[in-house]
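Structure file data.tsv with TSV, C-alpha atoms:
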```tsv
chain	number	residue	atom	x	y	z
Z	1	MET	CA	-2.23	161.06	29.79
Z	2	ALA	CA	-1.64	164.31	31.62
Z	3	THR	CA	-4.34	163.30	33.98
Z	4	SER	CA	-2.68	160.11	35.11
Z	5	LYS	CA	0.59	161.99	35.53
Z	6	CYS	CA	-1.15	164.48	37.72
Z	7	SER	CA	-2.74	161.86	39.87
Z	8	GLN	CA	0.63	160.13	40.17
Z	9	ALA	CA	2.12	163.38	41.35
Z	10	GLY	CA	-0.70	163.70	43.81
Z	11	GLN	CA	-0.03	160.25	45.14
Z	12	GLN	CA	3.65	160.94	45.48
Z	13	LEU	CA	2.88	164.10	47.38
Z	14	TRP	CA	0.55	162.09	49.51
Z	15	ALA	CA	3.18	159.44	50.14
Z	16	LYS	CA	5.53	162.09	51.55
Z	17	MET	CA	3.05	163.17	54.18
Z	18	PRO	CA	3.86	162.03	57.70
Z	19	LYS	CA	1.86	158.94	58.45
Z	20	VAL	CA	1.73	158.56	62.17
Z	21	GLY	CA	-1.59	156.85	62.07
Z	22	GLY	CA	-5.02	156.98	60.64
Z	23	TYR	CA	-5.94	159.97	62.70
Z	24	THR	CA	-3.14	162.21	61.46
Z	25	ARG	CA	-3.93	161.26	57.94
Z	26	LEU	CA	-7.56	162.11	58.38
Z	27	CYS	CA	-6.63	165.40	59.98
Z	28	PHE	CA	-4.48	166.26	57.04
Z	29	ALA	CA	-7.13	165.18	54.60
Z	30	TRP	CA	-9.69	167.15	56.46
Z	31	SER	CA	-7.53	170.24	56.54
Z	32	VAL	CA	-6.87	170.15	52.82
Z	33	ILE	CA	-10.39	169.30	51.84
Z	34	GLY	CA	-11.75	171.64	54.45
Z	35	PHE	CA	-9.63	174.42	53.07
Z	36	LEU	CA	-10.78	173.74	49.57
Z	37	VAL	CA	-14.37	172.85	50.21
Z	38	HIS	CA	-14.93	175.80	52.48
Z	39	THR	CA	-14.41	178.35	49.85
Z	40	ASN	CA	-13.99	181.94	50.76
Z	41	SER	CA	-14.97	184.41	48.13
Z	42	SER	CA	-11.26	184.72	47.42
Z	43	TYR	CA	-10.75	180.96	47.12
Z	44	ARG	CA	-13.69	180.00	44.93
Z	45	ILE	CA	-12.92	176.64	43.47
Z	46	THR	CA	-14.42	177.73	40.22
Z	47	HIS	CA	-10.86	178.84	39.63
Z	48	GLN	CA	-9.54	176.07	37.46
Z	49	ALA	CA	-6.32	175.46	39.34
Z	50	ASN	CA	-8.03	175.17	42.68
Z	51	ALA	CA	-10.69	172.87	41.32
Z	52	GLU	CA	-7.98	170.56	39.99
Z	53	LEU	CA	-6.06	170.55	43.21
Z	54	PHE	CA	-9.29	169.81	44.98
Z	55	ALA	CA	-10.13	166.89	42.68
Z	56	LEU	CA	-6.59	165.49	42.90
Z	57	THR	CA	-6.41	165.79	46.65
Z	58	TYR	CA	-9.68	164.00	47.01
Z	59	GLY	CA	-8.49	161.38	44.54
Z	60	SER	CA	-5.36	160.68	46.51
Z	61	LEU	CA	-7.38	160.45	49.68
Z	62	VAL	CA	-9.70	157.88	48.14
Z	63	THR	CA	-6.89	155.80	46.67
Z	64	GLU	CA	-5.13	155.84	50.01
Z	65	LEU	CA	-8.26	154.66	51.73
Z	66	VAL	CA	-8.70	151.93	49.14
Z	67	ARG	CA	-5.14	150.79	49.77
Z	68	ASP	CA	-5.61	150.88	53.54
Z	69	HIS	CA	-8.92	149.17	53.80
Z	70	GLU	CA	-9.05	147.06	50.64
Z	71	ASP	CA	-12.76	146.53	51.11
Z	72	PRO	CA	-14.66	149.18	49.10
Z	73	ILE	CA	-17.62	149.00	51.46
Z	74	GLU	CA	-15.32	150.00	54.30
Z	75	VAL	CA	-13.93	152.82	52.17
Z	76	ASN	CA	-17.45	154.08	51.59
Z	77	LYS	CA	-17.94	154.12	55.35
Z	78	GLN	CA	-14.72	156.01	55.92
Z	79	LEU	CA	-15.60	158.59	53.29
Z	80	ASP	CA	-18.97	159.07	54.91
Z	81	LYS	CA	-17.28	159.56	58.27
Z	82	ILE	CA	-14.81	162.11	56.93
Z	83	GLY	CA	-17.68	163.85	55.19
Z	84	LYS	CA	-19.59	164.09	58.41
Z	85	SER	CA	-16.78	165.88	60.19
Z	86	ILE	CA	-16.67	168.34	57.32
Z	87	GLY	CA	-20.44	168.74	57.34
Z	88	VAL	CA	-20.78	169.56	61.02
Z	89	ARG	CA	-18.37	172.42	60.50
Z	90	CYS	CA	-19.34	173.79	57.15
Z	91	VAL	CA	-22.99	174.22	58.05
Z	92	ASP	CA	-22.06	177.12	60.30
Z	93	GLU	CA	-20.21	178.83	57.53
Z	94	PHE	CA	-23.19	178.36	55.29
Z	95	LEU	CA	-25.61	179.81	57.83
Z	96	ALA	CA	-23.32	182.66	58.81
Z	97	LYS	CA	-22.66	183.77	55.27
Z	98	ALA	CA	-26.23	183.37	54.10
Z	99	ASP	CA	-27.28	185.49	57.05
Z	100	VAL	CA	-24.78	188.22	56.30
Z	101	ALA	CA	-25.85	188.16	52.66
Z	102	GLY	CA	-29.39	188.77	53.91
Z	103	LEU	CA	-30.89	185.64	52.40
Z	104	GLY	CA	-33.07	185.02	55.44
Z	105	LEU	CA	-32.59	181.27	55.32
Z	106	ALA	CA	-34.21	180.52	58.61
Z	107	SER	CA	-37.61	181.84	57.74
Z	108	GLN	CA	-37.40	179.90	54.50
Z	109	CYS	CA	-36.87	176.47	56.00
Z	110	GLN	CA	-40.31	175.61	57.27
Z	111	SER	CA	-40.52	172.13	55.82
Z	112	LEU	CA	-38.19	169.45	54.54
Z	113	ARG	CA	-39.05	170.59	51.04
Z	114	ASP	CA	-37.60	174.03	51.80
Z	115	THR	CA	-34.55	172.44	53.36
Z	116	ALA	CA	-34.05	170.33	50.24
Z	117	GLU	CA	-34.20	173.42	48.05
Z	118	VAL	CA	-31.68	175.25	50.20
Z	119	VAL	CA	-29.26	172.31	50.31
Z	120	ALA	CA	-29.43	171.64	46.60
Z	121	ARG	CA	-29.63	175.10	45.16
Z	122	MET	CA	-27.63	177.12	47.64
Z	123	GLY	CA	-25.39	174.64	49.44
Z	124	PHE	CA	-24.03	172.98	46.33
Z	125	ARG	CA	-23.61	176.30	44.60
Z	126	MET	CA	-21.80	177.90	47.49
Z	127	PHE	CA	-19.37	175.10	48.33
Z	128	LEU	CA	-18.86	173.36	45.00
Z	129	GLY	CA	-19.74	175.97	42.43
Z	130	VAL	CA	-22.15	173.62	40.70
Z	131	GLY	CA	-25.89	173.82	40.59
Z	132	ALA	CA	-28.03	170.97	41.81
Z	133	GLU	CA	-31.72	170.22	41.67
Z	134	CYS	CA	-33.92	168.51	44.18
Z	135	GLY	CA	-36.92	166.37	43.42
Z	136	ALA	CA	-38.52	162.96	43.74
Z	137	PHE	CA	-40.16	163.73	47.04
Z	138	SER	CA	-41.75	160.73	48.65
Z	139	GLN	CA	-45.47	160.69	49.42
Z	140	ASP	CA	-44.95	161.45	53.09
Z	141	GLN	CA	-42.52	164.28	52.23
Z	142	LYS	CA	-39.81	162.61	54.28
Z	143	SER	CA	-37.31	161.83	51.61
Z	144	PHE	CA	-36.03	163.51	48.51
Z	145	SER	CA	-33.25	163.31	45.94
Z	146	ILE	CA	-30.60	165.77	44.94
Z	147	TYR	CA	-29.52	165.62	41.30
Z	148	PHE	CA	-26.43	167.18	39.82
Z	149	HIS	CA	-24.53	166.64	36.60
Z	150	ASP	CA	-21.09	168.16	37.13
Z	151	ASN	CA	-19.23	166.52	39.94
Z	152	PRO	CA	-16.07	168.49	40.74
Z	153	LEU	CA	-14.69	165.53	42.70
Z	154	SER	CA	-14.66	163.14	39.78
Z	155	THR	CA	-13.21	165.35	37.07
Z	156	PHE	CA	-10.31	163.00	36.31
Z	157	VAL	CA	-11.71	159.76	37.58
Z	158	GLU	CA	-12.38	156.58	35.68
Z	159	LEU	CA	-13.24	153.56	37.74
Z	160	PRO	CA	-11.27	150.56	36.48
Z	161	PRO	CA	-13.45	148.10	34.56
Z	162	ALA	CA	-14.42	144.85	36.22
Z	163	GLY	CA	-11.60	142.28	36.32
Z	164	ASP	CA	-9.01	144.83	35.25
Z	165	ASP	CA	-6.73	144.05	38.14
Z	166	GLN	CA	-7.03	142.44	41.51
Z	167	MET	CA	-9.18	145.30	42.74
Z	168	GLY	CA	-11.16	145.98	39.59
Z	169	ASP	CA	-14.06	143.76	40.39
Z	170	ASP	CA	-14.45	145.11	43.85
Z	171	LEU	CA	-14.09	148.75	42.95
Z	172	ARG	CA	-17.47	148.70	41.29
Z	173	LYS	CA	-18.83	148.75	44.82
Z	174	LEU	CA	-16.87	151.88	45.65
Z	175	LYS	CA	-19.01	154.96	46.00
Z	176	TYR	CA	-16.35	157.40	44.94
Z	177	SER	CA	-18.19	160.56	45.92
Z	178	ASN	CA	-19.62	159.16	49.14
Z	179	ILE	CA	-18.10	162.07	51.03
Z	180	TYR	CA	-21.07	164.19	49.92
Z	181	CYS	CA	-23.40	161.90	51.83
Z	182	GLY	CA	-21.43	162.42	55.01
Z	183	ILE	CA	-21.29	166.16	54.50
Z	184	ILE	CA	-25.04	166.44	54.05
Z	185	ARG	CA	-25.67	164.13	56.99
Z	186	GLY	CA	-23.34	166.09	59.27
Z	187	ALA	CA	-24.64	169.46	58.19
Z	188	LEU	CA	-28.29	168.57	58.68
Z	189	GLU	CA	-27.58	166.92	61.99
Z	190	GLN	CA	-26.27	170.22	63.30
Z	191	VAL	CA	-29.64	171.82	62.56
Z	192	ASN	CA	-31.44	168.97	64.33
Z	193	LEU	CA	-32.40	166.90	61.33
Z	194	LYS	CA	-31.29	163.29	61.55
Z	195	VAL	CA	-31.10	161.92	58.04
Z	196	ASP	CA	-29.92	158.90	56.13
Z	197	VAL	CA	-28.05	159.80	52.96
Z	198	THR	CA	-27.06	157.46	50.15
Z	199	LEU	CA	-25.46	157.93	46.81
Z	200	VAL	CA	-27.82	156.06	44.52
Z	201	GLN	CA	-26.64	157.09	41.09
Z	202	CYS	CA	-23.18	158.10	40.04
Z	203	THR	CA	-22.00	159.24	36.62
Z	204	LEU	CA	-18.78	157.28	37.19
Z	205	LYS	CA	-20.80	154.09	37.00
Z	206	GLY	CA	-22.45	155.05	33.77
Z	207	ASP	CA	-25.56	156.67	35.21
Z	208	GLU	CA	-26.88	159.75	33.51
Z	209	VAL	CA	-26.80	161.91	36.59
Z	210	ASN	CA	-25.50	161.91	40.14
Z	211	GLU	CA	-28.29	161.29	42.57
Z	212	ILE	CA	-28.11	161.57	46.33
Z	213	ARG	CA	-31.08	160.26	48.27
Z	214	VAL	CA	-31.82	161.96	51.58
Z	215	GLU	CA	-34.25	160.39	54.01
Z	216	LEU	CA	-35.44	162.14	57.15
Z	217	LYS	CA	-35.30	159.86	60.17
Z	218	GLU	CA	-36.31	162.23	62.92
Z	219	VAL	CA	-36.27	165.83	63.98
Z	220	LEU	CA	-34.12	166.01	67.08
Z	221	ALA	CA	-35.45	168.10	69.91
Z	222	ASP	CA	-33.31	170.52	71.83
Z	223	GLY	CA	-33.97	173.02	74.57
Z	224	ALA	CA	-35.44	171.99	77.89
Z	225	GLY	CA	-37.11	168.88	76.50
Z	226	ASP	CA	-40.65	167.66	76.96
Z	227	ASP	CA	-40.04	165.64	80.13
Z	228	TYR	CA	-38.92	168.73	81.90
Z	229	LYS	CA	-41.97	170.73	80.87
Z	230	GLU	CA	-44.48	168.27	82.24
Z	231	GLU	CA	-43.14	168.45	85.77
W	1	MET	CA	-19.83	204.24	73.91
W	2	GLY	CA	-17.93	201.16	73.02
W	3	PHE	CA	-17.83	197.39	73.11
W	4	LEU	CA	-16.98	195.76	76.41
W	5	HIS	CA	-16.91	191.97	76.27
W	6	LEU	CA	-17.50	189.09	73.93
W	7	PHE	CA	-18.31	185.62	75.12
W	8	ILE	CA	-19.36	182.50	73.27
W	9	VAL	CA	-21.33	179.65	74.79
W	10	ASN	CA	-21.61	176.26	73.12
W	11	LYS	CA	-24.84	174.36	72.78
W	12	SER	CA	-24.47	172.55	76.06
W	13	GLY	CA	-23.79	175.70	78.05
W	14	GLY	CA	-20.01	175.60	78.22
W	15	LEU	CA	-18.09	178.79	77.77
W	16	ILE	CA	-15.80	178.46	74.77
W	17	LEU	CA	-14.41	181.96	74.53
W	18	HIS	CA	-14.35	185.16	76.52
W	19	ARG	CA	-12.55	188.29	75.56
W	20	SER	CA	-12.49	191.88	76.66
W	21	LEU	CA	-12.82	194.28	73.79
W	22	GLY	CA	-11.88	197.61	75.22
W	23	PRO	CA	-9.94	199.36	77.95
W	24	ARG	CA	-13.18	200.19	79.76
W	25	ALA	CA	-14.29	196.60	80.10
W	26	PRO	CA	-14.32	195.55	83.76
W	27	SER	CA	-11.89	192.74	84.46
W	28	ILE	CA	-13.55	189.44	85.29
W	29	GLY	CA	-11.76	186.31	86.42
W	30	THR	CA	-11.87	183.07	84.47
W	31	ASN	CA	-13.97	181.28	87.08
W	32	ASP	CA	-16.48	184.08	87.04
W	33	TRP	CA	-16.57	183.87	83.29
W	34	LEU	CA	-17.39	180.20	83.36
W	35	ARG	CA	-20.18	180.96	85.80
W	36	ILE	CA	-21.50	183.79	83.64
W	37	GLY	CA	-21.47	181.57	80.57
W	38	SER	CA	-23.46	178.73	82.06
W	39	THR	CA	-25.79	181.07	83.94
W	40	PHE	CA	-26.57	182.91	80.76
W	41	HIS	CA	-27.19	179.64	78.98
W	42	SER	CA	-29.70	178.59	81.62
W	43	LEU	CA	-31.39	181.98	81.74
W	44	HIS	CA	-31.73	181.88	77.97
W	45	ALA	CA	-33.55	178.56	78.17
W	46	ILE	CA	-35.69	179.65	81.12
W	47	ALA	CA	-36.64	182.89	79.38
W	48	ALA	CA	-38.12	180.95	76.49
W	49	GLU	CA	-40.11	178.77	78.89
W	50	ALA	CA	-41.27	181.75	80.91
W	51	SER	CA	-42.40	183.77	77.95
W	52	PRO	CA	-46.19	184.13	77.79
W	53	VAL	CA	-46.02	183.98	74.02
W	54	ARG	CA	-45.00	180.61	72.63
W	55	LEU	CA	-43.62	180.90	69.15
W	56	PRO	CA	-44.24	178.01	66.76
W	57	LYS	CA	-41.81	175.19	67.60
W	58	ASN	CA	-40.19	177.58	70.06
W	59	LYS	CA	-38.17	179.14	67.25
W	60	ASN	CA	-37.65	182.86	66.93
W	61	PRO	CA	-38.05	184.58	63.55
W	62	SER	CA	-34.46	183.84	62.60
W	63	GLY	CA	-34.95	180.12	63.12
W	64	ALA	CA	-32.92	179.69	66.29
W	65	ASP	CA	-34.35	178.67	69.65
W	66	ASP	CA	-36.25	181.47	71.29
W	67	GLY	CA	-34.65	183.11	74.31
W	68	ILE	CA	-32.88	186.22	75.50
W	69	GLN	CA	-31.95	188.49	72.65
W	70	GLN	CA	-31.15	191.60	74.57
W	71	ILE	CA	-30.68	192.83	78.13
W	72	GLU	CA	-30.49	196.52	78.85
W	73	GLY	CA	-29.28	198.29	81.94
W	74	SER	CA	-28.31	201.86	82.57
W	75	GLY	CA	-24.65	201.00	82.34
W	76	VAL	CA	-24.59	198.08	79.94
W	77	THR	CA	-26.30	196.62	76.92
W	78	LEU	CA	-26.06	192.91	76.21
W	79	LYS	CA	-27.03	191.32	72.94
W	80	CYS	CA	-27.09	187.66	72.09
W	81	LEU	CA	-27.05	185.94	68.75
W	82	GLN	CA	-28.09	182.32	68.97
W	83	THR	CA	-27.31	180.39	65.82
W	84	ARG	CA	-29.36	177.55	64.43
W	85	THR	CA	-26.63	175.19	65.49
W	86	GLY	CA	-27.09	176.28	69.10
W	87	ILE	CA	-24.03	178.44	69.70
W	88	LYS	CA	-24.59	181.72	71.48
W	89	PHE	CA	-22.50	184.75	70.65
W	90	VAL	CA	-22.92	187.41	73.30
W	91	LEU	CA	-21.63	190.97	73.18
W	92	THR	CA	-21.81	193.49	75.97
W	93	ALA	CA	-21.37	197.15	75.25
W	94	GLU	CA	-22.00	200.54	76.74
W	95	PRO	CA	-25.51	201.84	76.13
W	96	GLY	CA	-25.87	203.70	72.87
W	97	THR	CA	-23.32	201.56	71.03
W	98	THR	CA	-24.55	200.96	67.52
W	99	ASP	CA	-23.66	198.08	65.23
W	100	ILE	CA	-23.85	195.41	67.91
W	101	ASP	CA	-26.02	193.21	65.68
W	102	THR	CA	-23.66	193.67	62.74
W	103	ALA	CA	-20.71	192.83	64.96
W	104	LEU	CA	-22.40	189.64	66.17
W	105	ARG	CA	-23.16	188.47	62.67
W	106	GLU	CA	-19.62	189.24	61.54
W	107	ILE	CA	-18.20	187.40	64.52
W	108	TYR	CA	-20.26	184.36	63.54
W	109	VAL	CA	-18.71	184.51	60.08
W	110	LEU	CA	-15.24	184.82	61.61
W	111	TYR	CA	-15.95	181.83	63.84
W	112	ALA	CA	-16.99	179.78	60.81
W	113	ASP	CA	-13.96	180.97	58.85
W	114	CYS	CA	-11.22	180.95	61.43
W	115	ALA	CA	-12.12	178.55	64.22
W	116	LEU	CA	-14.14	175.87	62.48
W	117	LYS	CA	-11.69	175.55	59.61
W	118	ASP	CA	-8.82	174.82	61.92
W	119	PRO	CA	-8.59	171.03	61.68
W	120	PHE	CA	-7.25	170.85	65.20
W	121	TYR	CA	-10.10	172.82	66.65
W	122	GLU	CA	-12.55	170.41	68.24
W	123	LEU	CA	-16.19	171.35	68.12
W	124	GLU	CA	-17.70	172.48	71.41
W	125	MET	CA	-14.28	172.98	72.96
W	126	PRO	CA	-12.70	176.28	74.05
W	127	ILE	CA	-11.42	178.30	71.13
W	128	ARG	CA	-7.69	178.85	71.29
W	129	CYS	CA	-7.26	180.22	67.84
W	130	GLU	CA	-5.10	183.26	67.40
W	131	LEU	CA	-6.43	183.77	63.93
W	132	PHE	CA	-9.92	184.07	65.31
W	133	THR	CA	-9.13	186.34	68.24
W	134	SER	CA	-7.04	188.71	66.16
W	135	ALA	CA	-9.76	188.81	63.52
W	136	VAL	CA	-12.28	189.73	66.21
W	137	ASP	CA	-9.99	192.47	67.49
W	138	ASN	CA	-9.63	193.84	63.98
W	139	LEU	CA	-13.35	193.77	63.43
W	140	ILE	CA	-14.08	195.66	66.64
W	141	GLU	CA	-11.38	198.19	65.86
W	142	ARG	CA	-12.84	198.69	62.41
W	143	LEU	CA	-16.34	199.19	63.76
W	144	GLU	CA	-15.18	201.63	66.43
W	145	GLN	CA	-13.20	203.61	63.88
W	146	SER	CA	-16.08	203.86	61.47
W	147	LYS	CA	-18.20	205.08	64.34
W	148	MET	CA	-15.61	207.71	65.22
W	149	SER	CA	-15.49	209.02	61.70
W	150	ALA	CA	-19.30	209.05	61.56
W	151	VAL	CA	-19.37	211.24	64.68
W	152	ARG	CA	-16.98	213.68	63.12
```

Can you give me the file's structure in the form of structure tokens?
Amino acid sequence: MATSKCSQAGQQLWAKMPKVGGYTRLCFAWSVIGFLVHTNSSYRITHQANAELFALTYGSLVTELVRDHEDPIEVNKQLDKIGKSIGVRCVDEFLAKADVAGLGLASQCQSLRDTAEVVARMGFRMFLGVGAECGAFSQDQKSFSIYFHDNPLSTFVELPPAGDDQMGDDLRKLKYSNIYCGIIRGALEQVNLKVDVTLVQCTLKGDEVNEIRVELKEVLADGAGDDYKEE
Amino acid sequence: MGFLHLFIVNKSGGLILHRSLGPRAPSIGTNDWLRIGSTFHSLHAIAAEASPVRLPKNKNPSGADDGIQQIEGSGVTLKCLQTRTGIKFVLTAEPGTTDIDTALREIYVLYADCALKDPFYELEMPIRCELFTSAVDNLIERLEQSKMSAVR
């Protein structure tokens, strides 16, 4: 009961925010989530209160998007987009802090397998305070899955059962935690890895574990480029 | 001994921040700064091409693109930290200044903490973040003070 009260409060808070247009709203969402996701040592979201605020803020963002777009597929897209703009920023924090902590990340990431380990074990731990595992590498080593059990975003969430209300049926298509996909996509893009990311299993839908599938599309080249060298 | 200038170049060669760090830093106009930023960016890329030793995938041991890491002159030392995301943090200092590498790494952390977390900061654009610039000033002050006390 307390949970629904909390999420109501969150929605009310959300309703009071200035709504000039989609962009402002996204900026606000990004600033709040950015603030919470990008945890400083002093703002670790393992602190209960912060973790709740984080979950509620994300919840109100998702419900707002559902109300705006009505189509859950479109909501998934929006979440992915928001996630990407978080990802392209938070990767620098990750690299900077890992470097200062002397973890020597760069020398570690020689293959996609190493990258997967770093994303799952270190990235998830650092930003979300939960551990994740990677596995299910494909034969060609170009795709892998990230598994995690505790999802700090969905602490209070129950997807309405099918046919519960006018949206219930549709909401089964909602990928509630799709923001993770965008974050991973954005973060890896900044280090020249173009990937496709999908949320394939979600504990909210009754699956045993959350699974995010990451598929490497191409390694982007930077620097002078090959055309230039041949001349 | 002391730090002179900090400048930051984005991955396409645009200058996104320049700042003088001490009273002894020569004053350089904004246009000159823009020129320095893009020239350095090009030289960095050319240096990697010109190097007789090609590192695997053109990456240096810290995983960033290979290129200029340090330039030394009798009156100035320049050090560059290129991140894996392609941003270059460059510090110039008087010869004999220690802690330049530490300062660069700390500045990268400050950039991630102060500039990137500002929702209104657009990636690749000039940094106009007071939080960031004052944090850099504090960092440099702290480093210079610790050096002073080490000398004593």

List as a Markdown table every residue of segment 31-119 of chain W that is in contact with segment 144-148 of chain W, defined as an atom at most 12 Å from one of its atoms (using all atoms listed in the file), together with the nearest atom pair and the distance in Å rounded to one decimal, sorted by chain and then rising number.
```
| residue | atom | partner | partner_atom | distance |
| --- | --- | --- | --- | --- |
| W:Ala93 | CA | W:Glu144 | CA | 11.7 |
| W:Gly96 | CA | W:Lys147 | CA | 11.6 |
| W:Thr97 | CA | W:Lys147 | CA | 9.1 |
| W:Thr98 | CA | W:Lys147 | CA | 8.2 |
| W:Asp99 | CA | W:Lys147 | CA | 8.9 |
| W:Ile100 | CA | W:Glu144 | CA | 10.8 |
| W:Ala103 | CA | W:Glu144 | CA | 10.5 |
```

| request: Taking only C-alpha atoms into account, report as JSON, numbers by chain which residues of chain W lie within 10 Å of chain Z. | output: {"W": [11, 12, 42, 44, 45, 46, 48, 49, 57, 58, 59, 60, 61, 62, 63, 64, 65, 66, 83, 84, 85, 86, 87, 102, 105, 106, 107, 108, 109, 110, 111, 112, 113, 115, 116, 117, 118, 119, 120, 122, 123]}

| query | Please, what distance in Å, to one decimal, runs between atom CA of Asp140 of chain Z and atom CA of Val197 of chain Z? | reply | 17.0 Å
